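**Q** The file below is query27.csv, CSV, C-alpha atoms and all ligand atoms:
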```
chain,number,residue,atom,x,y,z
K,1,LEU,CA,113.4,59.8,94.9
K,2,LYS,CA,110.5,57.4,95.2
K,3,LEU,CA,108.2,60.1,93.9
K,4,VAL,CA,110.5,60.8,90.9
K,5,SER,CA,110.7,57.2,89.9
K,6,LEU,CA,106.9,56.7,90.4
K,7,GLU,CA,106.2,59.7,88.2
K,8,ARG,CA,108.7,58.4,85.5
K,9,GLN,CA,106.8,55.1,85.4
K,10,HIS,CA,103.4,56.8,85.3
K,11,PRO,CA,103.8,60.2,83.7
K,12,ALA,CA,100.0,60.5,83.2
K,13,LEU,CA,99.6,60.7,87.0
K,14,ILE,CA,102.0,63.7,87.5
K,15,ASP,CA,100.2,66.4,89.5
K,16,PRO,CA,101.0,69.9,88.3
K,17,ASP,CA,101.5,70.8,92.0
K,18,SER,CA,103.8,67.9,92.7
K,19,PRO,CA,107.1,69.0,94.4
K,20,THR,CA,108.9,67.7,91.4
K,21,GLN,CA,107.1,70.2,89.2
K,22,ARG,CA,108.3,73.5,90.8
K,23,ILE,CA,110.7,74.4,88.0
K,24,GLY,CA,109.1,75.3,84.7
K,25,ALA,CA,110.3,76.4,81.2
K,26,LYS,CA,112.2,79.6,80.4
K,27,SER,CA,109.9,82.6,79.8
K,28,THR,CA,110.3,85.3,77.2
K,29,GLY,CA,108.8,88.1,79.3
K,30,PHE,CA,106.3,88.9,82.1
K,31,GLY,CA,102.7,89.7,81.5
K,32,LYS,CA,101.2,92.8,83.3
K,33,VAL,CA,98.5,92.2,85.9
K,34,LYS,CA,96.4,94.9,87.5
K,35,HIS,CA,96.0,94.8,91.3
K,36,GLU,CA,92.3,94.6,91.0
K,37,ASP,CA,91.7,93.3,94.6
K,38,LYS,CA,93.6,96.1,96.3
K,39,ARG,CA,96.3,98.6,95.4
K,40,MET,CA,99.7,97.7,96.9
K,41,LEU,CA,100.5,100.8,99.1
K,42,SER,CA,103.7,101.6,100.8
K,43,LEU,CA,104.1,102.7,104.4
K,44,ASP,CA,104.7,106.1,105.8
K,45,ASN,CA,107.9,106.4,107.7
K,46,MET,CA,108.1,107.4,111.4
K,47,LYS,CA,111.4,108.6,113.0
K,48,THR,CA,110.5,108.5,116.7
K,49,ALA,CA,108.2,106.6,119.2
K,50,GLU,CA,106.2,109.8,119.5
K,51,ASP,CA,105.6,109.8,115.7
K,52,VAL,CA,104.2,106.3,116.0
K,53,ILE,CA,101.9,107.2,118.8
K,54,ASN,CA,100.7,110.3,116.9
K,55,TYR,CA,100.0,108.1,113.9
K,56,LEU,CA,98.3,105.1,115.5
K,57,GLY,CA,97.3,106.2,119.0
K,58,HIS,CA,97.4,104.2,122.2
K,59,GLU,CA,96.2,101.0,120.6
K,60,GLU,CA,97.0,97.4,120.5
K,61,VAL,CA,99.5,96.9,117.7
K,62,VAL,CA,101.6,94.2,116.1
K,63,LEU,CA,105.2,94.9,115.7
K,64,GLU,CA,107.1,93.3,112.8
K,65,PRO,CA,110.4,93.6,111.2
K,66,LYS,CA,110.4,95.6,107.9
K,67,ILE,CA,112.0,93.1,105.6
K,68,ASP,CA,114.1,94.6,102.9
K,69,GLY,CA,113.2,92.7,99.8
K,70,ALA,CA,110.5,92.8,97.1
K,71,SER,CA,106.8,92.6,97.8
K,72,LEU,CA,104.8,89.8,96.2
K,73,LYS,CA,101.1,88.9,96.0
K,74,LEU,CA,100.1,85.3,95.7
K,75,PHE,CA,96.7,84.2,94.5
K,76,TYR,CA,95.3,80.8,95.7
K,77,ARG,CA,92.1,79.3,94.3
K,78,LYS,CA,90.7,76.3,96.1
K,79,GLY,CA,94.0,76.1,98.0
K,80,ARG,CA,96.2,76.0,94.8
K,81,LEU,CA,98.7,78.7,93.8
K,82,VAL,CA,97.4,80.2,90.5
K,83,GLN,CA,99.3,83.4,90.1
K,84,ALA,CA,102.1,85.5,91.6
K,85,VAL,CA,102.3,89.2,90.9
K,86,THR,CA,105.0,91.8,91.9
K,87,ARG,CA,104.1,95.2,93.4
K,88,GLY,CA,105.2,97.1,90.3
K,89,ASN,CA,103.9,100.6,90.6
K,90,GLY,CA,101.3,99.7,93.1
K,91,MET,CA,98.4,99.6,90.5
K,92,GLU,CA,99.9,97.1,88.2
K,93,GLY,CA,102.7,94.5,88.6
K,94,ASP,CA,104.4,91.7,86.7
K,95,ASP,CA,103.2,88.1,86.5
K,96,VAL,CA,106.1,86.1,88.0
K,97,THR,CA,104.2,82.9,88.7
K,98,ALA,CA,106.8,80.6,87.1
K,99,ASN,CA,109.5,82.1,89.3
K,100,ALA,CA,107.5,82.2,92.5
K,101,ARG,CA,106.7,78.5,92.1
K,102,THR,CA,110.4,77.7,92.5
K,103,ILE,CA,110.5,79.3,95.9
K,104,MET,CA,110.4,76.5,98.5
K,105,THR,CA,108.6,78.7,101.1
K,106,VAL,CA,105.8,79.5,98.6
K,107,PRO,CA,103.4,76.6,99.1
K,108,LEU,CA,101.9,75.3,95.9
K,109,VAL,CA,99.0,73.7,97.7
K,110,LEU,CA,97.6,75.1,101.0
K,111,THR,CA,96.4,72.9,103.9
K,112,GLU,CA,92.9,74.2,103.3
K,113,PRO,CA,91.1,74.6,99.9
K,114,VAL,CA,90.6,78.3,100.3
K,115,ASN,CA,90.5,81.3,97.9
K,116,ILE,CA,93.0,83.7,99.4
K,117,ASN,CA,95.3,86.5,98.1
K,118,VAL,CA,98.4,86.5,100.3
K,119,VAL,CA,100.9,89.4,100.4
K,120,GLY,CA,104.5,89.2,101.7
K,121,GLU,CA,108.1,89.8,100.9
K,122,VAL,CA,110.6,87.9,98.9
K,123,TYR,CA,114.0,88.2,100.4
K,124,MET,CA,117.5,86.7,100.3
K,125,THR,CA,119.4,85.7,103.5
K,126,PHE,CA,122.8,87.2,104.0
K,127,THR,CA,124.2,83.6,103.9
K,128,THR,CA,122.7,83.0,100.5
K,129,PHE,CA,123.7,86.4,99.3
K,130,ASN,CA,127.4,85.9,100.2
K,131,ASP,CA,127.5,82.4,98.7
K,132,LEU,CA,125.9,83.7,95.5
K,133,ASN,CA,128.4,86.6,95.2
K,134,ALA,CA,131.3,84.2,95.8
K,135,ARG,CA,130.0,82.1,92.9
K,136,LEU,CA,129.5,85.1,90.6
K,137,GLU,CA,133.0,86.2,91.4
K,138,GLU,CA,134.4,82.8,90.5
K,139,GLU,CA,132.5,82.9,87.2
K,140,GLY,CA,133.9,86.4,86.6
K,141,SER,CA,130.3,87.9,86.6
K,142,GLU,CA,129.2,91.2,88.0
K,143,LEU,CA,128.6,91.1,91.7
K,144,LEU,CA,125.2,92.0,93.3
K,145,ALA,CA,125.0,95.1,95.4
K,146,ASN,CA,122.9,93.9,98.3
K,147,PRO,CA,120.4,91.2,99.2
K,148,ARG,CA,117.4,93.5,98.3
K,149,ASN,CA,118.6,94.0,94.7
K,150,ALA,CA,119.5,90.3,94.6
K,151,ALA,CA,116.0,89.2,95.7
K,152,ALA,CA,114.2,91.7,93.4
K,153,GLY,CA,116.5,90.8,90.4
K,154,THR,CA,116.1,87.1,90.9
K,155,LEU,CA,112.3,87.4,90.8
K,156,LYS,CA,112.7,88.9,87.3
K,157,LEU,CA,115.1,86.3,85.8
K,158,LYS,CA,113.8,84.6,82.7
K,159,ASP,CA,115.0,81.1,83.7
K,160,PRO,CA,113.1,79.5,86.6
K,161,LYS,CA,116.1,77.1,86.9
K,162,GLU,CA,118.4,79.9,87.8
K,163,VAL,CA,115.8,81.4,90.2
K,164,ALA,CA,115.6,78.0,92.0
K,165,ALA,CA,119.4,77.9,92.3
K,166,ARG,CA,119.4,81.3,94.0
K,167,SER,CA,117.3,80.2,97.0
K,168,ILE,CA,115.2,83.3,97.5
K,169,ARG,CA,112.5,83.0,100.2
K,170,PHE,CA,109.0,84.3,100.9
K,171,VAL,CA,107.6,85.5,104.2
K,172,ALA,CA,103.8,86.2,104.4
K,173,TYR,CA,102.6,89.3,106.3
K,174,GLY,CA,99.0,89.8,105.2
K,175,SER,CA,96.1,89.1,102.9
K,176,THR,CA,94.0,91.3,100.7
K,177,THR,CA,91.1,88.8,101.1
K,178,GLU,CA,88.6,89.5,103.9
K,179,PHE,CA,87.5,86.7,106.1
K,180,PRO,CA,84.8,87.7,108.6
K,181,GLN,CA,86.0,85.2,111.2
K,182,MET,CA,89.4,86.8,111.3
K,183,ARG,CA,89.3,89.6,113.8
K,184,THR,CA,92.9,90.6,114.3
K,185,GLN,CA,96.2,90.8,112.5
K,186,SER,CA,97.7,88.2,114.9
K,187,GLN,CA,94.8,85.8,114.1
K,188,LEU,CA,95.5,86.2,110.4
K,189,THR,CA,99.3,85.6,111.0
K,190,ASP,CA,98.5,82.4,112.9
K,191,TRP,CA,96.2,81.2,110.1
K,192,LEU,CA,98.8,81.9,107.4
K,193,GLU,CA,101.1,79.7,109.4
K,194,ILE,CA,98.5,76.9,109.5
K,195,LEU,CA,97.9,77.3,105.8
K,196,GLY,CA,101.6,76.6,105.2
K,197,PHE,CA,103.3,79.9,105.0
K,198,GLN,CA,106.3,81.2,106.9
K,199,SER,CA,105.2,84.3,108.9
K,200,VAL,CA,107.3,87.1,110.4
K,201,TYR,CA,107.6,85.0,113.5
K,202,MET,CA,109.4,82.3,111.6
K,203,LEU,CA,112.3,84.1,110.0
K,204,PRO,CA,115.8,82.6,109.9
K,205,VAL,CA,117.9,83.9,112.8
K,206,THR,CA,121.5,83.5,113.6
K,207,ARG,CA,120.9,83.5,117.4
K,208,SER,CA,117.8,83.6,119.7
K,209,CYS,CA,116.2,86.9,118.9
K,210,GLN,CA,113.3,88.0,121.1
K,211,SER,CA,110.5,90.5,120.7
K,212,LEU,CA,111.1,91.3,117.1
K,213,SER,CA,107.6,90.2,116.1
K,214,ASP,CA,105.1,90.8,118.9
K,215,CYS,CA,101.6,92.1,119.8
K,216,PHE,CA,101.2,94.7,122.6
K,217,LEU,CA,99.3,97.8,123.8
K,218,ILE,CA,101.1,101.1,123.1
K,219,GLU,CA,101.1,102.7,126.6
K,220,ASN,CA,103.5,105.6,126.4
K,221,LYS,CA,106.5,107.1,124.7
K,222,THR,CA,109.1,105.5,127.1
K,223,GLN,CA,107.6,102.0,126.8
K,224,LEU,CA,107.4,102.2,123.0
K,225,ALA,CA,110.9,103.6,122.7
K,226,GLN,CA,112.2,100.7,124.8
K,227,ARG,CA,110.3,98.2,122.5
K,228,ILE,CA,111.9,99.9,119.4
K,229,LYS,CA,115.4,99.7,121.0
K,230,ALA,CA,114.9,96.0,121.9
K,231,ALA,CA,113.6,95.2,118.4
K,232,ASP,CA,116.6,97.1,116.8
K,233,ILE,CA,119.0,94.8,118.8
K,234,SER,CA,117.0,91.7,117.9
K,235,ARG,CA,117.0,92.4,114.2
K,236,GLY,CA,120.8,92.2,114.2
K,237,PHE,CA,120.4,88.5,114.8
K,238,LEU,CA,118.3,88.0,111.7
K,239,ASP,CA,120.0,86.3,108.7
K,240,LEU,CA,118.3,88.8,106.4
K,241,PRO,CA,118.2,92.6,105.8
K,242,THR,CA,115.6,94.7,107.5
K,243,ASP,CA,115.4,98.5,107.1
K,244,GLY,CA,113.1,99.2,110.0
K,245,LEU,CA,110.0,98.0,111.8
K,246,VAL,CA,106.3,97.9,110.9
K,247,PHE,CA,103.5,98.8,113.3
K,248,LYS,CA,99.9,97.7,112.5
K,249,LEU,CA,96.7,98.1,114.5
K,250,ASN,CA,95.8,94.6,115.6
K,251,ASP,CA,92.1,94.9,115.4
K,252,PHE,CA,90.7,94.6,111.8
K,253,VAL,CA,87.6,96.7,112.6
K,254,LYS,CA,89.9,99.5,113.8
K,255,GLN,CA,92.0,99.1,110.7
K,256,ARG,CA,89.0,99.4,108.5
K,257,ASP,CA,87.7,102.5,110.4
K,258,LEU,CA,91.0,104.3,109.9
K,259,GLY,CA,91.2,103.2,106.3
K,260,GLU,CA,93.7,104.4,103.7
K,261,GLY,CA,95.0,107.7,102.4
K,262,THR,CA,96.1,108.2,98.8
K,263,LYS,CA,99.6,106.9,99.4
K,264,TYR,CA,99.6,105.2,102.8
K,265,PRO,CA,97.3,103.2,105.0
K,266,LYS,CA,96.4,105.0,108.2
K,267,TYR,CA,96.3,101.8,110.3
K,268,ALA,CA,99.9,100.9,109.8
K,269,CYS,CA,103.3,102.7,109.6
K,270,ALA,CA,107.0,102.0,109.3
K,271,PHE,CA,109.7,103.0,111.8
K,272,LYS,CA,112.9,103.6,109.9
K,273,PHE,CA,116.3,103.2,111.5
K,274,PRO,CA,118.9,105.6,110.4
K,275,PRO,CA,121.0,103.7,107.7
K,301,LIG,S1,102.7,95.6,105.5
K,301,LIG,C1,99.8,98.7,103.0
K,301,LIG,N1,104.6,94.4,106.7
K,301,LIG,O1,107.4,97.5,103.1
K,301,LIG,C2,101.1,98.1,103.0
K,301,LIG,N2,105.1,95.5,104.7
K,301,LIG,O2,106.8,100.5,102.6
K,301,LIG,C3,101.2,97.0,103.9
K,301,LIG,N3,107.4,95.3,104.0
K,301,LIG,O3,105.6,97.5,100.1
K,301,LIG,C4,102.5,96.4,104.0
K,301,LIG,N4,108.1,94.1,105.6
K,301,LIG,O4,107.1,95.5,100.6
K,301,LIG,C5,104.3,95.1,105.7
K,301,LIG,N5,106.2,93.2,107.9
K,301,LIG,C6,105.9,93.9,106.8
K,301,LIG,C7,106.8,94.3,105.8
K,301,LIG,C8,106.4,95.1,104.8
K,301,LIG,C9,108.5,94.7,104.5
K,301,LIG,C10,107.5,96.2,102.8
K,301,LIG,C11,106.4,95.9,101.8
K,301,LIG,C12,105.8,97.2,101.5
K,301,LIG,C13,106.8,98.2,102.0
K,301,LIG,C14,106.0,99.4,102.6
```
Could you spell out this file's structure in structure tokens?
**A**
Amino acid sequence: LKLVSLERQHPALIDPDSPTQRIGAKSTGFGKVKHEDKRMLSLDNMKTAEDVINYLGHEEVVLEPKIDGASLKLFYRKGRLVQAVTRGNGMEGDDVTANARTIMTVPLVLTEPVNINVVGEVYMTFTTFNDLNARLEEEGSELLANPRNAAAGTLKLKDPKEVAARSIRFVAYGSTTEFPQMRTQSQLTDWLEILGFQSVYMLPVTRSCQSLSDCFLIENKTQLAQRIKAADISRGFLDLPTDGLVFKLNDFVKQRDLGEGTKYPKYACAFKFPP
């Protein structure tokens, strides 16, 4: 309130990245943006622990929940959010900057003045989804099918005010910018947290939920199958939809050595639970 009144008294001093400036004007459409830094790939699906071992080998991996939302890439220049782009067809997405700015878990200014492109998922919690559908029902509007559609649909609304009212969230799981001092995926995750993002370790839970995001060495089939089973139980305590798990090689040098295929990276894969 103090900030609002100060800004009213001195409008010339309003910073475009002030927390009061998150909600902008209605848009008429979304510009197309090419993913010039890096294509946005999807992940190949594994069905068993053995599949995961065959894909990644006996390596150190990070295990993360596969969040069922819409992927989003955020561009920061000198630590300030300059653009937000959806995945689209992987080569080209929509510029949804005005909508992304309304997401409270999308920092407008980072804690360090860096140039970084951050990738992550926009999602809606079950709690928000149920509240939203209750409101839509009261208004006599059409109900939303599931939190994934709700999150993706919200990102494409024309009115940032309505986007803000729907309380979607952003979780950061990677970057397309290379930093030589970052040697592992877990280091990058730690740094994303320091910069001001919520990582896959900071998801809203309904109860204590262990070992859903973790880093470990793949030893054998039995050990990995146990990990997968434990993570499956844990994901039931998340207040958001997941449709599987993601495994990524922890070491960036090894990630780079394996590289990417035409459709999928070779250094990461998804484990899909039966629906
Ligand atoms: S990493 C090269 N990590 O799943 C792609 N993706 O099928 C690297 N997703 O398009 C993606 N949770 O939208 C990654 N923890 C996670 C994820 C995640 C959800 C989505 C993402 C991606 C799709 C891949």
**Q** Could you tell me how far atom CA of Gln83 of chain K lies from atom CA of Pro265 of chain K, in Å and to one decimal?
**A** 24.9 Å
**Q** Rank nothing, just name the residue among K:Ala225, K:Leu144, K:Leu13, K:Ala151 nearest to ligand LIG 301 (chain K), using all atoms listed in the file.
**A**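 Once distances to ligand LIG 301 (chain K) are computed over all atoms listed in the file, the minimum belongs to K:Ala151.
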**Q** List every residue of chain K that has an atom at most 7 Å from any atom of ligand LIG 301 (chain K), giving for each one its closest atom pair and the distance in Å to one decimal, counting all atoms listed in the file, sorted by chain and then by ascending residue number, as CSV.
**A**
```
residue,atom,partner,partner_atom,distance
K:Met40,CA,K:LIG301,C1,6.2
K:Leu41,CA,K:LIG301,C1,4.5
K:Ser42,CA,K:LIG301,C14,3.7
K:Leu43,CA,K:LIG301,O2,3.9
K:Asp44,CA,K:LIG301,O2,6.8
K:Glu64,CA,K:LIG301,N5,5.0
K:Pro65,CA,K:LIG301,N5,5.4
K:Lys66,CA,K:LIG301,N4,3.6
K:Ile67,CA,K:LIG301,C9,4.0
K:Asp68,CA,K:LIG301,C9,5.8
K:Gly69,CA,K:LIG301,O4,6.8
K:Ala70,CA,K:LIG301,O4,5.6
K:Ser71,CA,K:LIG301,O4,4.0
K:Gly120,CA,K:LIG301,O4,6.9
K:Glu121,CA,K:LIG301,O4,5.8
K:Tyr173,CA,K:LIG301,N1,5.5
K:Gly174,CA,K:LIG301,S1,6.9
K:Val200,CA,K:LIG301,N5,6.7
K:Val246,CA,K:LIG301,N5,5.6
K:Tyr264,CA,K:LIG301,C1,6.5
K:Pro265,CA,K:LIG301,C1,5.5
K:Ala270,CA,K:LIG301,O2,6.9
```
**Q** One number please: atom CA of Ser208 of chain K to atom CA of Arg166 of chain K, in Å, one decimal.
**A**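 Between atom CA of Ser208 of chain K and atom CA of Arg166 of chain K the gap works out to 25.9 Å.
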**Q** Counting only C-alpha atoms, which residues sit no farther than 6 Å from the position (112.0, 90.4, 120.7) in the file's frame? I'd like them as an MDAnalysis selection string.
**A** chainID K and resid 209:212 231 234
**Q** As number ranges by chain, please: the residues near segment 92-97 of chain K (cut-off 8 Å, all atoms listed in the file, same-chain neighbours under 2 positions excluded).
**A** K: 30-35, 82-90, 99-101, 155-156
**Q** Excluding Met124 of chain K and residues on its chain fewer than 2 positions from it, collect all residues at most 8 Å away from it, counting only C-alpha atoms, and give them as a list in words.
**A**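 Counting only the stated atoms, we get Gly69, Val122, Phe126, Thr128, Phe129, Pro147, Arg148, Ala150, Ala151, Ser167, Ile168, Arg169 and Leu240 of chain K.
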**Q** Which one is closest to Arg22 of chain K: K:Lys78, K:Lys161, K:Arg256, K:Arg183? Count only C-alpha atoms.
**A** K:Lys161
**Q** Looking at K:Asp257, K:Asp15, K:Glu139, K:Glu219, which one is nearest to Gly57 of chain K, with distances taken over only C-alpha atoms?
**A** K:Glu219
**Q** Would you list the residues near (116.3, 83.2, 106.1), meaning any protein, DNA or RNA residue with an atom at most 7 Å from that point in file coordinates, counting all atoms listed in the file, as a list in words?
**A**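 So the residues meeting the distance criterion are Met124, Thr125, Leu203, Pro204, Val205, Asp239 and Leu240 of chain K.
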**Q** Which distance in Å separates atom CA of His10 of chain K and atom CA of Arg80 of chain K, to one decimal?
**A**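 Interatomic distance here is 22.6 Å.
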**Q** Please determine, counting all atoms listed in the file, which residue among K:Lys266, K:Lys2, K:Arg207, K:Arg77 has the shortest atom-to-atom distance to Pro113 of chain K.
**A**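 Under the stated criterion, the closest residue is K:Arg77.
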**Q** Nearest to Thr189 of chain K: which of K:Asn250, K:Phe216, K:Arg235, K:Thr222 is it, counting all atoms listed in the file?
**A**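 Of K:Asn250, K:Phe216, K:Arg235, K:Thr222, the one nearest Thr189 of chain K is K:Asn250, counting all atoms listed in the file.
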**Q** Which is closest to Ala172 of chain K among K:Pro11, K:Gly236, K:Gly140, K:Pro107, if we use only C-alpha atoms?
**A**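 Of K:Pro11, K:Gly236, K:Gly140, K:Pro107, the one nearest Ala172 of chain K, counting only C-alpha atoms, is K:Pro107.
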**Q** I want to know what sits within 12 Å of Glu142 of chain K, based on all atoms listed in the file, with residues of the same chain fewer than 6 positions away left out; could you give that as a list of chain:residue names?
**A** K:Leu132, K:Asn133, K:Ala134, K:Arg135, K:Leu136, K:Ala150
